[in-house]
Amino acid sequence: ASASLAQCVGGGTAHWGAVCWRMREDEFRVRSAEGPIEGASVADWPLRYADLAPFYDRAEARLGVAGAAGSNPFEPPRTAAYPNPAHPPRRATLSLTRGAEQLGQHPFPTPLAVNPRPYGGRGTCLNGGQCATFGCPTQAKASTLSIHIRSALATGRLDLRPETRVVELRVGEDGLVRAARTVDREGREAEVRARTFVLAAGTIGTAHLLLSSRSARFPDGLANGSGLVGRNLMFHVLSYVGFELPEPSMGAFGPVGMVSIDDLHPSDAGRGFVRGAVISEAPEPGPLWAAYKAPEYLGRRHGAWGKPLKEFLRRYPYLGSLLAIGEDLPRHTNRVDLDPDHVDEFGVPLPRITHRSHPNDRALARWYTDRMKDLAVAAGAVRVYEFDYTNAKAGSGHMMGSCRMGKDPAASVVDADCRSHEVGNLYVSDGSCFPTSSGYNPTLTIFAVSDRAATRFLERRKRREEA
């Protein structure tokens with residue numbers, strides 16, 4: 001399996017598709033809802049939806065999420081409207097909406113952190129159709145680069161060091177982190193000292209840094225007394241269906257996707273698997289990207305060139321696509337660890353990813369692929385093709401796990417406040433703290449969890465409970 005990472009200022013949000021979901025209430029208690037699952041290490045979150053609801057509100061307001069509150073009859077309770085109205089539909093959106101309604105489903109606008117109008121000092125969407133995997137020239141797409149980092153720089157108190165890596169966290173005799181050792185692009189080392197350290201390097205990077213930070217006190221990696229740092233790595237089960245409409249789809253215009261259905265999301269063991277997924281319109285960011293997933297390319301070592309590629313590109317204006325974000329079950333054996341044979345240019349062992357799909361993941365992928373094909377046909381598609389579901393974990397931009405949160409220090413790495421059970425001044429506030437993955441894109445939940453952790457940290461600091 002491979003990981004899709006953004007090594008830049010702003011991280012993954014500089015290149016994300018900006019889809020913003022709140023997790024369902026049942027997705028915070030998978031162990032309680034499903035019981036033990038053979039071959040999986042499912043767990044309940046130490047948080048509930050009610051704990052995150054006010055922070056979901058704040059994240060949506062800060063990001064300027066566009067949507068229609070109440071349009072998804074299956075969404076968890078909310079008290080606030082979206083700060084921006086939903087984006088106008090394109091032709092493919094209207095076709096999918098009609099098709100979903102014919103199937104008795106309830107289509108609704110996908111919540112997107114992309115401005116349909118000026119908002120928060122950022123520009124308006126240019127409808128370029130390339131939000132996913134690309135940056136945004138008008139900053140209409142929300143990101144930590146366009147919002148949070150900009151705000152922090154304005155305070156004059158942010159020491160931003162691009163092209164600099166933290167390669168080790170060093171602990172003192174008291175077991176607390178005292179310094180971060182950094183290396184810049186020229187190989188120059190420096191040391192940064194602080195009272196509190198927050199890791200937000202992503203599921204791969206955070207686990208890699210902790211495992212690389214070995215000492216006499218933490219011989220297996222910093223904060224790894226449980227042996228769980230790097231364990232329970234999750235991607236999402238990404239099922240993809242492409243289709244061709246009889247009229248131009250306008251799929252290259254607008255943000256990453258305009259319409260979703262959640263009718264099929266609730267877990268139902270009668271299908272032969274548990275947990276679920278949201279289904280969304282997800283046009284590809286450009287014709288070559290779409291061609292890569294088309295049947296003309298699949299199974300060909302060097303791709304399809306010449307006439308097959310030309311024919312595909314002629315059809316591109318008529319194409320649309322659907323994507324299911326399926327819940328990936330955590331497994332103890334799926335992990336990030338230190339590569340025993342390969343190091344980077346600074347001599348640090350590279351992160352190694354080990355991931356094997358659970359049979360539940362493959363069954364889920366197959367079932368949702370078939371449902372999306374049904375939806376495409378109902379939408380009037382004259383041609384439907386699918387991505388090979390047996391390779392559902394060939395790669396992912398959604399990475400979670402590796403430092404799961406929980407109440408029991410023996411069964412988790414951090415607590416509900418993202419604070420290390422073992423190292424009192426160390427926090428982890430990215431997707432690595434997720435105990436389970438849910439059937440939604442994870443970014444809005446990462447924002448909410450991080451905001452809650454920061455808020456509670458500052459409250460303790462004011463009460464002088466925090467050093």
# chains A, B, ... in the order shown; residues from 1 in each chain; ligands from 1
$ select_by_dssp --residues "region 282-379 of chain A" --states "alpha helix (DSSP H)" --output "PyMOL selection string"
chain A and resi 287-292+307-315+359-378
$ closest_residue --among "A:Ile446, A:Pro283, A:Thr206, A:Ile261" --to "Val336 (chain A)" --atoms "only C-alpha atoms"
A:Thr206
$ residues_around --residues "region 103-117 of chain A" --least-positions-apart "6" --cutoff "8 Å" --atoms "only C-alpha atoms" --output "MDAnalysis selection string"
chainID A and resid 18:21 60 63:68 71:73 84:87 97 123:125 140:142 255 257:263 280 375 378
$ residues_around --residues "Ile204 (chain A)" --least-positions-apart "6" --cutoff "8 Å" --atoms "only C-alpha atoms" --output "MDAnalysis selection string"
chainID A and resid 230 336 351 399 402 432
$ residues_around --residues "region 210-225 of chain A" --least-positions-apart "3" --cutoff "6 Å" --atoms "only C-alpha atoms" --output "ChimeraX atom specification"
/A:168-169,207,229,422
$ atom_distance --atom1 "CA of Arg122 (chain A)" --atom2 "CA of Phe253 (chain A)"
19.6 Å
$ select_by_dssp --residues "region 113-223 of chain A" --states "strand (DSSP E or B)" --output "list of chain:residue names"
A:Val114, A:Tyr119, A:Arg122, A:Lys141, A:Thr164, A:Arg165, A:Val166, A:Val167, A:Glu168, A:Leu169, A:Arg170, A:Val171, A:Val177, A:Arg178, A:Ala179, A:Ala180, A:Arg181, A:Thr182, A:Val183, A:Asp184, A:Glu189, A:Ala190, A:Glu191, A:Val192, A:Arg193, A:Phe197, A:Val198, A:Leu199
$ closest_residue --among "A:Val237, A:Ala154, A:Leu338, A:Ala448" --to "His208 (chain A)" --atoms "only C-alpha atoms"
A:Leu338
